[in-house]
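Chemist: Please find one structure pasted underneath; my questions will follow.
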Amino acid sequence: MAELLRAEGITKRFTGALALDGVDFAVNSGEVHVLLGENGAGKSTLVKVLAGVYRPDSGSVRVADGVNLAVIYQELTLVPELSVAENLFLGRPPRRFGVVDRARMLRDAVGLLARVGLRVDPATPVKELGIAQQQMVEIARALDLNAGVLVLDEPTAVLTDTETDRLLEIMAEIRDQGVGLVFITHHLDEIRRIADRVTVLRDGRSVGVLPAGSSVEQMIELMVGRAISEQYPRRSQEPGDVLLKVDSLTRDGRFTDVSFEVRAGEVVGIAGLVGAGRTEVVRAAFGVDHYDSGHVEVAGRRLPGGDVRAAMRAGLGLVPEDRKGQGLVLTSSVGENLGLVTLRSATRAGIVDRKRQRRHADEMATALRVKTSGLDQEVRELSGGNQQKVVIGKWLLADPRVLVLDEPTRGVDVGAKVEIYELINRMTAAGRAVLLVSSDLPEVIGMSDRIVVMAHGRVAGELPARGTTQDEVMALAVQEFSA
Amino acid sequence: MTTATARTGVDARKILSENGALGGLVVLVVALSILAPTFLSTQNLINVGVQAAVVAVLAFGSTFVIVSGGIDLSVGSVAALSAMVGAWSSAEAGLPGPVALLLGLATGVAAGLINGAMVSFGRLPAFIATLAMLSIARGLTLVVSQGTPLATPDVVTFLGSNLVPQVPLPLLIMLVFFGITGFVLSRTYAGRSMYAIGGNEEAARLSGIDVRRQKLVIYALSGLFAAVAGMLLAGRLASAGPQAAVGYELDAIAAVVIGGASLSGGVGRAFGTLVGALVLAVLRNGLNQLQVSPFWQQVVIGVVIALAVLLDTLRRRSR
Amino acid sequence: MNLTRRAALAALSVTTLALTAACGSGASSSGGGADISVGLALSTLNNPYFVELKQGAEEAAAELGVKLTVVDAQNDATNQVNQVQTFTTQGVKAIIINPVDSKQAGPAAKAAENASIPLIAVDRTVDDGKVASEVTSDNVQGGSLAAIELGRATSGGVVHLQGIPGASATRDRGFGFEQGLNSGAIKVVASQPADFDRAKGLDVTTNLLQSNPDLKGVFADNDEMALGAIKALGDRAGKDVHVVGFDGTPDGIKAVEDGTMAATIAQQPKVLGRQAVEQAVKAAKGETVQQVVSVEVKVVTKKNVAEFKK
């Protein structure tokens with residue numbers, strides 16, 4: 001196994017803060033080398049140093065002769081309006097007599113797509129592909145550029161389980177072709193499935209290199225710097241009155257006849273495949289989108305449809321799935337974001353009591369242990385986990401009866417995850433309820449009291465969380481309905 | 001400017017580091033003081049303030065719109081229309097001056113509400129909605145005036161004159177509206193919603209902010225401020241002209257952007273806008289005093305606008 | 001979808017209504033047999049001067065019993081070419097053009113010539129093209145008269161407020177003004193643009209007063225700027241600083257009467273409009289037209305101001 005890339009003693013400083021501190025890192029031909037660490041540990045900085053985007057303050061990066069490095073970032077760099085083939089050969093289309101040779105481009109594309117196991121018509125516009133297929137297109141493009149080292153920055157964060165399985169298979173195939181892969185992920189089970197080596201970063205330092213087959217506990221302990229006793233610390237209690245009742249909710253073409261209840265002190269999980277209609281149902285219940293029939297009650301009071309403010313007044317809150325697109329005002333500060341939901345209630349005669357807002361924001365930031373330089377720091381500068389804490393925090397300040405969390409731990413590191421779980425426990429202990437929508441099956445099973453499984457826009461069944469296996473949930477999730 | 005600094009009680013270095021345009025203004029003032037011996041006199045500085053007033057008030061209104069992620073191209077036309085309605089109500093319809101003034105201001109609010117309704121309920125892009133209003137308001141100004149200037153009522157003329165010698169009312173009104181703008185932006189529900197809507201409209205909606213209603217408020221405020229600016233302009237001339245304030249919307253937008261606001265929304269402050277308006281006024285005043293050739297003046301103004309914004313962008317990026 | 005379409009229809013019908021109304025007020029038709037139709041392409045209606053010109057033309061058209069269609073180019077030369085081209089397809093028998101810019105009116109003249117429709121230029125000439133008749137007042141001569149009048153009223157340093165840089169009125173009046181300077185004891189100490197705009201006239205004069213506190217006079221390329229200058233001068237206007245404007249607008253005439261403006265050079269826009277229509281009708285009927293009609297410019301001072309009040 002030839003060494004393709006070696007970085008030694010990499011140190012990088014940003015305006016005083018030490019982002020990387022003497023990190024060593026190497027990639028061999030035909031291996032998957034996982035880069036593991038909490039958000040802010042320095043993974044992204046290291047990748048950017050390897051890719052030559054940042055110049056290190058000290059240390060060196062050596063690349064073997066003729067080896068190219070390609071990085072697949074989380075934000076994909078495809079042009080949505082162009083076809084798959086045009087994207088594959090962007091900036092370097094095959095030409096004949098100075099004119100783009102479309103026939104050859106399409107032919108070449110088919111071969112290239114076969115390498116990543118993607119069977120789509122290369123003339124399809126990229127915007128019509130799913131996110132997983134788009135990733136494959138990016139990987140195929142990198143392979144065509146003879147990338148000897150391929151860096152994948154959290155590719156599975158946006159994928160469903162099946163899509164993830166497929167990606168891991170492709171990665172294994174590429175590895176066997178002799179490519180060296182650097183894989184960044186927060187999912188420890190994925191690491192156990194594919195990693196040949198794991199380098200763990202903490203606070204800008206490399207704290208250890210683990211071999212293939214290391215246990216989840218070993219990885220967590222290295223990453224967090226302490227042992228985490230329980231990954232899913234759910235503490236259940238006797239449920240109280242019904243706080244949220246969704247009754248026969250239907251939106252034509254999206255979801256049909258969805259009914260479930262959430263009681264005080266309860267965490268109800270909603271599981272299902274991507275596209276099962278989970279997000280659509282909770283958005284409709286919260287009044288973001290309209291629905292055609294059925295109704296929603298909060299603590300016995302029926303909500304008017306399509307009215308977010310009425311839902312809020314009744315005591316409903318929603319932490320949306322898309323943190324940056326729908327949860328945060330990225331141009332504003334941490335304090336401003338924390339105060340957003342309570343802005344109306346802190347207003348008297350049009351004037352906001354900013355002192356009170358600030359005091360409450362400060363208390364919440366401390367309680368949630370948001371890692372920030374202060375309330376005035378721009379929220380865009382925080383790591384994903386801390387941003388999510390801010391979104392949850394702004395709702396906790398409004399003290400809703402029922403808080404809907406849609407994929408609350410996506411892209412959040414292990415340490416922050418556990419803290420979010422503790423918040424859920426604290427809410428239910430105080431007599432509130434949580435509706436937890438999640439694609440992470442161990443999480444739904446580990447943190448819920450009951451699980452509602454959705455398939456094709458309908459409730460496929462309900463399971464008690466305790467003692468339920470992932471297979472049981474999946475069996476319901478893939479259920480077919482006869483129309 | 002000095003009063004504002006003293007009032008907020010923040011030290012000069014912090015203000016300078018937070019506001020790139022202020023640095024530009026200081027450079028400009030120093031350069032002109034050296035080049036034009038008559039520039040740095042009390043009287044001339046008062047003149048600059050008065051000359052900045054109309055654009056500043058327009059720009060304060062535009063700050064609300066731009067912070068909330070929109071744009072208002074109609075402010076110049078709405079200013080002219082409001083002033084013309086005020087002048088017509090008194091000169092032609094014979095209404096008492098104060099009533100005429102209020103009618104003029106109401107005209108501005110109405111135009112703003114129509115803009116807001118087109119944007120929020122009609123789902124028109126702000127650029128298109130207010131571009132339509134730019135044309136409509138200018139046309140109505142011509143219809144009302146029949147193409148000729150009309151004399152303004154005394155109360156409007158008073159707005160454009162000196163309160164006591166050496167203390168011009170336009171300067172005071174500009175400072176009052178600076179205060180109002182700062183207060184609205186930082187202390188009121190409407191102001192805080194503007195930042196949220198401009199920064200992420202969907203997040204604002206999901207946090208319970210009534211985005212559509214707030215947009216009505218935002219454009220109505222812009223219309224009201226435009227009307228006030230129109231009254232100031234007409235008051236200074238004792239006459240409302242059909243072609244008054246043509247192109248002022250671009251000056252207003254330039255002032256807001258020089259002041260550090262982002263056209264993509266979520267960012268902007270009253271103080272920055274004030275500085276932006278002063279930069280433009282200082283520049284025009286200085287160019288006159290230096291007797292720069294008319295052909296070059298527009299070039300210089302464009303270059304300074306670009307430099308001011310560039311300076312601010314570089315400062316942000318280096319952070 | 002349905003709603004959008006209905007809204008669009010509503011918007012369309014409102015627009016149509018507005019257009020109909022606009023046409024109704026724009027075109028004044030004669031009572032009698034209006035078999036002769038004349039088009040008038042104005043540079044702008046954003047200025048009282050051209051509004052008066054239009055009124056003069058409309059009065060003449062009514063008296064002569066011809067149909068007059070008026071369009072406004074909003075100071076856009078390209079727009080004006082399009083409008084003249086449209087006239088040629090509407091069956092007008094003569095076209096009167098008031099060029100946005102003399103140097104850019106060539107294509108419009110060409111369009112009329114191709115359609116064999118006689119073209120009459122009013123207020124401004126067409127530099128490059130065939131016209132049947134030019135009805136103008138002489139801006140260069142007016143500028144010279146202004147200089148002479150200012151030299152009579154005062155002596156010492158004066159400033160010149162210029163119109164929009166590069167516009168033909170700015171060029172001609174400024175050129176005439178400079179030529180007339182030698183006759184008196186005045187000297188130009190500053191020339192700055194104020195874009196024919198009253199508010200800018202006020203600001204620019206204020207600024208120039210800072211560097212030239214002992215100013216004796218102001219010449220402005222139009223009355224609007226002169227009125228702005230008078231505002232800037234305050235009590236000094238008409239006492240130790242004398243202002244001369246150009247155009248003789250109602251507000252300008254009133255300032256002369258009040259003594260704040262020493263003089264204005266009155267063009268007679270109504271007469272220009274009237275003469276242009278008369279020439280156009282002659283041309284349309286195939287009668288001989290006068291190639292150059294010079295409408296007098298008049299120096300309006302306090303002595304003769306009564307004649308110009310309307």
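We label chains A, B, ... in the order they appear in the structure tokens, count residues from 1 in each chain, and number ligands from 1 in the order shown.
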Pro125 in chain A: which residues within 12 Å, counting only C-alpha atoms, same-chain residues fewer than 6 positions away excluded, as a PDB file with N, CA and C atoms, in the first residue's frame?
Modeler:
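So the final result, stored in result-v3.pdb, reads:
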ATOM      1  N   LEU A  78     -22.558  21.441  -7.930  1.00  0.00           N
ATOM      2  CA  LEU A  78     -23.093  21.199  -9.261  1.00  0.00           C
ATOM      3  C   LEU A  78     -23.947  22.379  -9.705  1.00  0.00           C
ATOM      4  N   VAL A  79     -24.098  22.522 -11.020  1.00  0.00           N
ATOM      5  CA  VAL A  79     -24.975  23.559 -11.561  1.00  0.00           C
ATOM      6  C   VAL A  79     -26.341  22.914 -11.806  1.00  0.00           C
ATOM      7  N   PRO A  80     -27.355  23.294 -11.021  1.00  0.00           N
ATOM      8  CA  PRO A  80     -28.634  22.572 -11.058  1.00  0.00           C
ATOM      9  C   PRO A  80     -29.309  22.577 -12.427  1.00  0.00           C
ATOM     10  N   GLU A  81     -29.129  23.646 -13.194  1.00  0.00           N
ATOM     11  CA  GLU A  81     -29.841  23.759 -14.460  1.00  0.00           C
ATOM     12  C   GLU A  81     -29.222  22.906 -15.566  1.00  0.00           C
ATOM     13  N   LEU A  82     -27.955  22.547 -15.388  1.00  0.00           N
ATOM     14  CA  LEU A  82     -27.277  21.793 -16.438  1.00  0.00           C
ATOM     15  C   LEU A  82     -27.523  20.295 -16.273  1.00  0.00           C
ATOM     16  N   SER A  83     -27.298  19.550 -17.331  1.00  0.00           N
ATOM     17  CA  SER A  83     -27.518  18.106 -17.293  1.00  0.00           C
ATOM     18  C   SER A  83     -26.391  17.431 -16.532  1.00  0.00           C
ATOM     19  N   VAL A  84     -26.631  16.156 -16.209  1.00  0.00           N
ATOM     20  CA  VAL A  84     -25.627  15.365 -15.505  1.00  0.00           C
ATOM     21  C   VAL A  84     -24.325  15.354 -16.307  1.00  0.00           C
ATOM     22  N   ALA A  85     -24.433  15.081 -17.619  1.00  0.00           N
ATOM     23  CA  ALA A  85     -23.241  14.994 -18.452  1.00  0.00           C
ATOM     24  C   ALA A  85     -22.501  16.333 -18.480  1.00  0.00           C
ATOM     25  N   GLU A  86     -23.261  17.415 -18.639  1.00  0.00           N
ATOM     26  CA  GLU A  86     -22.622  18.739 -18.692  1.00  0.00           C
ATOM     27  C   GLU A  86     -21.910  19.042 -17.390  1.00  0.00           C
ATOM     28  N   ASN A  87     -22.497  18.618 -16.267  1.00  0.00           N
ATOM     29  CA  ASN A  87     -21.849  18.829 -14.981  1.00  0.00           C
ATOM     30  C   ASN A  87     -20.581  17.990 -14.856  1.00  0.00           C
ATOM     31  N   LEU A  88     -20.644  16.768 -15.359  1.00  0.00           N
ATOM     32  CA  LEU A  88     -19.477  15.883 -15.256  1.00  0.00           C
ATOM     33  C   LEU A  88     -18.281  16.483 -15.987  1.00  0.00           C
ATOM     34  N   GLN A 133     -28.037  11.072  -5.401  1.00  0.00           N
ATOM     35  CA  GLN A 133     -27.576  10.914  -6.778  1.00  0.00           C
ATOM     36  C   GLN A 133     -26.637  12.057  -7.157  1.00  0.00           C
ATOM     37  N   GLN A 134     -26.950  13.249  -6.656  1.00  0.00           N
ATOM     38  CA  GLN A 134     -26.075  14.380  -6.956  1.00  0.00           C
ATOM     39  C   GLN A 134     -24.672  14.148  -6.387  1.00  0.00           C
ATOM     40  N   VAL A 137     -22.776  12.004  -8.648  1.00  0.00           N
ATOM     41  CA  VAL A 137     -22.286  12.742  -9.815  1.00  0.00           C
ATOM     42  C   VAL A 137     -20.993  13.469  -9.454  1.00  0.00           C
TER      43      VAL A 137
END
Chemist: Counting only C-alpha atoms, what is within 8 Å of Gly22 in chain A, bar same-chain residues fewer than 2 positions away, as a ChimeraX atom specification?
Modeler: /A:8-11,20,24,59,205-206
Chemist: How would the residues just picked look written out with N, CA and C atoms as an mmCIF file, in the first residue's frame?
Modeler:
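Contents of out34.cif, freshly written:
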data_model
loop_
_atom_site.group_PDB
_atom_site.id
_atom_site.type_symbol
_atom_site.label_atom_id
_atom_site.label_comp_id
_atom_site.auth_asym_id
_atom_site.auth_seq_id
_atom_site.Cartn_x
_atom_site.Cartn_y
_atom_site.Cartn_z
ATOM 1 N N GLU A 8 2.491 16.669 8.044
ATOM 2 C CA GLU A 8 3.213 16.551 9.310
ATOM 3 C C GLU A 8 3.240 17.866 10.058
ATOM 4 N N GLY A 9 2.914 17.792 11.324
ATOM 5 C CA GLY A 9 3.038 18.951 12.227
ATOM 6 C C GLY A 9 2.262 20.174 11.780
ATOM 7 N N ILE A 10 1.037 19.953 11.265
ATOM 8 C CA ILE A 10 0.262 21.092 10.739
ATOM 9 C C ILE A 10 -0.268 21.951 11.874
ATOM 10 N N THR A 11 0.087 23.230 11.817
ATOM 11 C CA THR A 11 -0.418 24.192 12.786
ATOM 12 C C THR A 11 -1.054 25.346 12.025
ATOM 13 N N LEU A 20 -5.548 24.359 14.467
ATOM 14 C CA LEU A 20 -4.849 23.075 14.356
ATOM 15 C C LEU A 20 -3.512 23.205 15.071
ATOM 16 N N ASP A 24 -0.572 15.443 12.604
ATOM 17 C CA ASP A 24 -0.014 14.543 11.588
ATOM 18 C C ASP A 24 -1.171 13.757 10.972
ATOM 19 N N GLY A 59 4.484 23.316 9.495
ATOM 20 C CA GLY A 59 4.206 21.953 9.078
ATOM 21 C C GLY A 59 4.180 21.851 7.569
ATOM 22 N N ARG A 205 -6.078 19.119 18.007
ATOM 23 C CA ARG A 205 -4.960 18.170 18.132
ATOM 24 C C ARG A 205 -5.391 16.785 17.709
ATOM 25 N N SER A 206 -4.454 16.026 17.192
ATOM 26 C CA SER A 206 -4.730 14.627 16.910
ATOM 27 C C SER A 206 -4.537 13.857 18.211
#
Chemist: Find the distance between CA of Val151 in chain A and CA of Asp203 in chain A and write it in Å to one decimal.
Modeler: 20.9 Å
Chemist: Please return as number ranges by chain: the residues of range 61-291 of chain A that backbone DSSP assigns to strand (DSSP E).
Modeler: A: 61-63, 68-72, 95-96, 99-100, 147-153, 180-184, 197-202, 205-211, 242-251, 255-263, 267-272
Chemist: May I ask for the distance between CA of Val155 in chain B and CA of Leu142 in chain B, given in Å to one decimal place?
Modeler: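 Spanning CA of Val155 in chain B to CA of Leu142 in chain B is a straight-line distance of 22.9 Å.
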Chemist: Can you pull out every residue from range 130-270 of chain C that DSSP, working from the backbone, puts in helix (DSSP H, G or I), and format the result as a VMD selection string?
Modeler: chain C and resid 139 to 153 168 to 183 198 to 211 223 to 236 250 to 258 269 to 270
Chemist: With the cut-off set at 7 Å and counting only C-alpha atoms, tabulate each residue of chain B with an atom at most that distance from an atom of chain A, showing the nearest atom pair and its distance in Å to one decimal, ordered by chain and increasing number, as a Markdown table.
Modeler:
| residue | atom | partner | partner_atom | distance |
| --- | --- | --- | --- | --- |
| B:Arg187 | CA | A:Val352 | CA | 5.5 |
| B:Thr188 | CA | A:Ile351 | CA | 4.2 |
| B:Tyr189 | CA | A:Gly350 | CA | 5.5 |
| B:Ala196 | CA | A:Val329 | CA | 6.0 |
| B:Gly199 | CA | A:Val329 | CA | 5.1 |
| B:Asn200 | CA | A:Val329 | CA | 5.1 |
| B:Glu202 | CA | A:Gln326 | CA | 5.3 |
| B:Ala203 | CA | A:Gln326 | CA | 4.3 |
| B:Leu206 | CA | A:Val308 | CA | 6.9 |
| B:Ser207 | CA | A:Val341 | CA | 4.9 |
| B:Gly208 | CA | A:Arg309 | CA | 5.1 |
| B:Gly266 | CA | A:Thr331 | CA | 5.7 |
| B:Val267 | CA | A:Thr331 | CA | 6.8 |
Chemist: Would you pick out the contacts of Lys282 in chain C at 12 Å or less, using only C-alpha atoms, so that residues sharing its chain but fewer than 3 positions from it are not included, and give the list as number ranges by chain?
Modeler: C: 36, 38, 64, 66, 93-95, 118-120, 132-133, 275-279, 285-291
Chemist: Would you output that residue set with C-alpha atoms, as a CSV table (one decimal), in the first residue's frame?
Modeler:
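Output (selection30.csv):
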chain,number,residue,atom,x,y,z
C,36,ILE,CA,-55.5,67.0,-41.5
C,38,VAL,CA,-50.4,66.6,-37.3
C,64,LEU,CA,-57.0,75.9,-37.7
C,66,VAL,CA,-56.6,70.2,-37.5
C,93,LYS,CA,-49.7,64.8,-42.7
C,94,ALA,CA,-46.9,66.6,-40.9
C,95,ILE,CA,-44.7,66.0,-37.9
C,118,PRO,CA,-42.8,67.1,-43.8
C,119,LEU,CA,-40.9,67.6,-40.6
C,120,ILE,CA,-40.9,70.9,-38.6
C,132,ALA,CA,-39.2,71.8,-43.9
C,133,SER,CA,-39.1,74.5,-41.3
C,275,GLN,CA,-45.9,79.0,-35.2
C,276,ALA,CA,-44.8,75.3,-35.5
C,277,VAL,CA,-48.4,74.2,-36.0
C,278,GLU,CA,-49.0,76.9,-38.5
C,279,GLN,CA,-46.0,75.9,-40.5
C,285,LYS,CA,-51.4,71.3,-47.5
C,286,GLY,CA,-48.4,71.6,-49.8
C,287,GLU,CA,-48.2,75.3,-49.4
C,288,THR,CA,-44.8,77.1,-49.2
C,289,VAL,CA,-43.4,77.2,-45.7
C,290,GLN,CA,-40.9,79.6,-44.2
C,291,GLN,CA,-37.6,77.7,-43.8
Chemist: Applying 9 Å and only C-alpha atoms, which residues near range 103-111 of chain C remain after dropping the ones on its own chain fewer than 2 positions away? List them as a PyMOL selection string.
Modeler: chain C and resi 77-78+80-85+88+97+99-101+113-117+119+125-131+168
Chemist: Any idea what's packed within 10 Å of Leu150 in chain A, counting only C-alpha atoms, ignoring anything in its chain fewer than 4 positions away? Could you give it as a compact mmCIF listing (two decimals) with C-alpha atoms, in the first residue's frame?
Modeler:
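Writing the result to part.txt gives the following:
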# COMPACT_ATOMS: atom_id res chain seq x y z
CA VAL A 27 -3.53 8.61 3.49
CA VAL A 32 -10.67 4.55 4.03
CA ASN A 68 -4.67 14.68 -7.33
CA LEU A 69 -6.83 15.44 -4.34
CA ALA A 70 -10.56 16.09 -4.67
CA VAL A 71 -12.92 17.21 -1.94
CA ILE A 72 -16.67 16.57 -1.96
CA ILE A 139 -17.80 11.66 -6.94
CA ALA A 142 -13.71 13.66 -9.10
CA LEU A 143 -12.81 10.17 -10.30
CA ASN A 146 -7.95 11.12 -11.67
CA MET A 171 -16.76 3.82 -1.38
CA ILE A 174 -13.47 2.91 -5.17
CA ARG A 175 -11.10 1.91 -2.40
CA VAL A 179 -8.03 5.35 -4.36
CA GLY A 180 -7.31 6.70 -0.89
CA LEU A 181 -10.45 7.99 0.83
CA VAL A 182 -10.73 10.46 3.67
CA PHE A 183 -14.18 10.13 5.23
Chemist: Find the residues near Val54 in chain B: any atom within 9 Å, counting only C-alpha atoms, skip ones fewer than 6 places away on the same chain, and give them as a PyMOL selection string.
Modeler: chain B and resi 170+174+226+228-233+248
Chemist: Include N, CA and C atoms and write out the residues we just selected as a JSON list (two decimals), in the first residue's frame.
Modeler:
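File again.json, as written:
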[["chain", "number", "residue", "atom", "x", "y", "z"],
["B", 170, "PRO", "N", -34.18, 71.96, 8.49],
["B", 170, "PRO", "CA", -33.93, 70.67, 7.83],
["B", 170, "PRO", "C", -32.86, 69.84, 8.54],
["B", 174, "MET", "N", -33.51, 66.26, 10.16],
["B", 174, "MET", "CA", -32.69, 65.11, 9.80],
["B", 174, "MET", "C", -32.22, 64.39, 11.07],
["B", 226, "ALA", "N", -40.42, 59.21, 2.87],
["B", 226, "ALA", "CA", -40.29, 59.86, 1.56],
["B", 226, "ALA", "C", -41.12, 61.14, 1.53],
["B", 228, "VAL", "N", -41.94, 63.01, 4.08],
["B", 228, "VAL", "CA", -41.27, 64.03, 4.89],
["B", 228, "VAL", "C", -40.12, 64.65, 4.09],
["B", 229, "ALA", "N", -39.36, 63.79, 3.42],
["B", 229, "ALA", "CA", -38.25, 64.30, 2.61],
["B", 229, "ALA", "C", -38.77, 65.23, 1.52],
["B", 230, "GLY", "N", -39.89, 64.85, 0.91],
["B", 230, "GLY", "CA", -40.48, 65.68, -0.12],
["B", 230, "GLY", "C", -40.88, 67.04, 0.42],
["B", 231, "MET", "N", -41.44, 67.05, 1.63],
["B", 231, "MET", "CA", -41.84, 68.32, 2.26],
["B", 231, "MET", "C", -40.61, 69.19, 2.53],
["B", 232, "LEU", "N", -39.53, 68.55, 2.99],
["B", 232, "LEU", "CA", -38.29, 69.29, 3.26],
["B", 232, "LEU", "C", -37.77, 69.93, 1.98],
["B", 233, "LEU", "N", -37.77, 69.13, 0.91],
["B", 233, "LEU", "CA", -37.25, 69.61, -0.37],
["B", 233, "LEU", "C", -38.09, 70.78, -0.85],
["B", 248, "TYR", "N", -33.51, 60.58, -6.94],
["B", 248, "TYR", "CA", -33.07, 60.59, -5.54],
["B", 248, "TYR", "C", -33.08, 59.19, -4.92]]
Chemist: Between B:Ala87, B:Val65, B:Ala21, B:Pro149, single out the one closest to Ala306 in chain B, counting only C-alpha atoms.
Modeler: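 Using only C-alpha atoms, the shortest distance to Ala306 in chain B belongs to B:Ala21.
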Chemist: Between A:Gly277, A:Pro442, A:Gly300, A:Gly384, which one has atoms that come closest to Met474 in chain A, using only C-alpha atoms?
Modeler: A:Pro442
Chemist: Near chain C, meaning an atom within 6 Å, which residues of chain B appear when counting only C-alpha atoms? Write them as a list in words.
Modeler: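 The answer, sorted by residue number, is Thr38, Gly147, Thr148, Gln243, Asn285, Gln289 and Pro294 of chain B.
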Chemist: Output N, CA and C atoms for every residue in that selection, as an mmCIF file, in the first residue's frame.
Modeler:
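Final output, saved to selection.cif:
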data_model
loop_
_atom_site.group_PDB
_atom_site.id
_atom_site.type_symbol
_atom_site.label_atom_id
_atom_site.label_comp_id
_atom_site.auth_asym_id
_atom_site.auth_seq_id
_atom_site.Cartn_x
_atom_site.Cartn_y
_atom_site.Cartn_z
ATOM 1 N N THR B 38 -12.188 77.147 2.209
ATOM 2 C CA THR B 38 -13.450 77.583 2.790
ATOM 3 C C THR B 38 -14.310 76.419 3.268
ATOM 4 N N GLY B 147 -47.847 70.020 -14.719
ATOM 5 C CA GLY B 147 -46.527 70.326 -15.241
ATOM 6 C C GLY B 147 -45.884 71.592 -14.732
ATOM 7 N N THR B 148 -46.573 72.329 -13.876
ATOM 8 C CA THR B 148 -45.962 73.566 -13.387
ATOM 9 C C THR B 148 -45.742 73.486 -11.877
ATOM 10 N N GLN B 243 -40.783 67.985 -11.336
ATOM 11 C CA GLN B 243 -39.613 67.158 -11.619
ATOM 12 C C GLN B 243 -38.668 67.092 -10.417
ATOM 13 N N ASN B 285 -20.711 69.106 -2.184
ATOM 14 C CA ASN B 285 -20.299 70.417 -1.705
ATOM 15 C C ASN B 285 -18.842 70.678 -2.068
ATOM 16 N N GLN B 289 -16.993 73.479 -4.534
ATOM 17 C CA GLN B 289 -16.008 74.438 -4.045
ATOM 18 C C GLN B 289 -14.683 74.321 -4.789
ATOM 19 N N PRO B 294 -17.843 69.819 -14.659
ATOM 20 C CA PRO B 294 -19.108 69.081 -14.543
ATOM 21 C C PRO B 294 -19.031 67.672 -15.115
#
Chemist: Neighbouring residues of Pro125 in chain B were defined as those with any atom within 12 Å, considering only C-alpha atoms; residues of the same chain fewer than 2 positions away were excluded. Please report them as a list of chain:residue names.
Modeler: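 The neighbour list is B:Gly69, B:Gly70, B:Ile71, B:Asp72, B:Leu73, B:Asn115, B:Gly116, B:Ala117, B:Met118, B:Val119, B:Ser120, B:Phe121, B:Gly122, B:Arg123, B:Phe127, B:Ile128, B:Ala129, B:Thr130, B:Leu131, B:Ala132.
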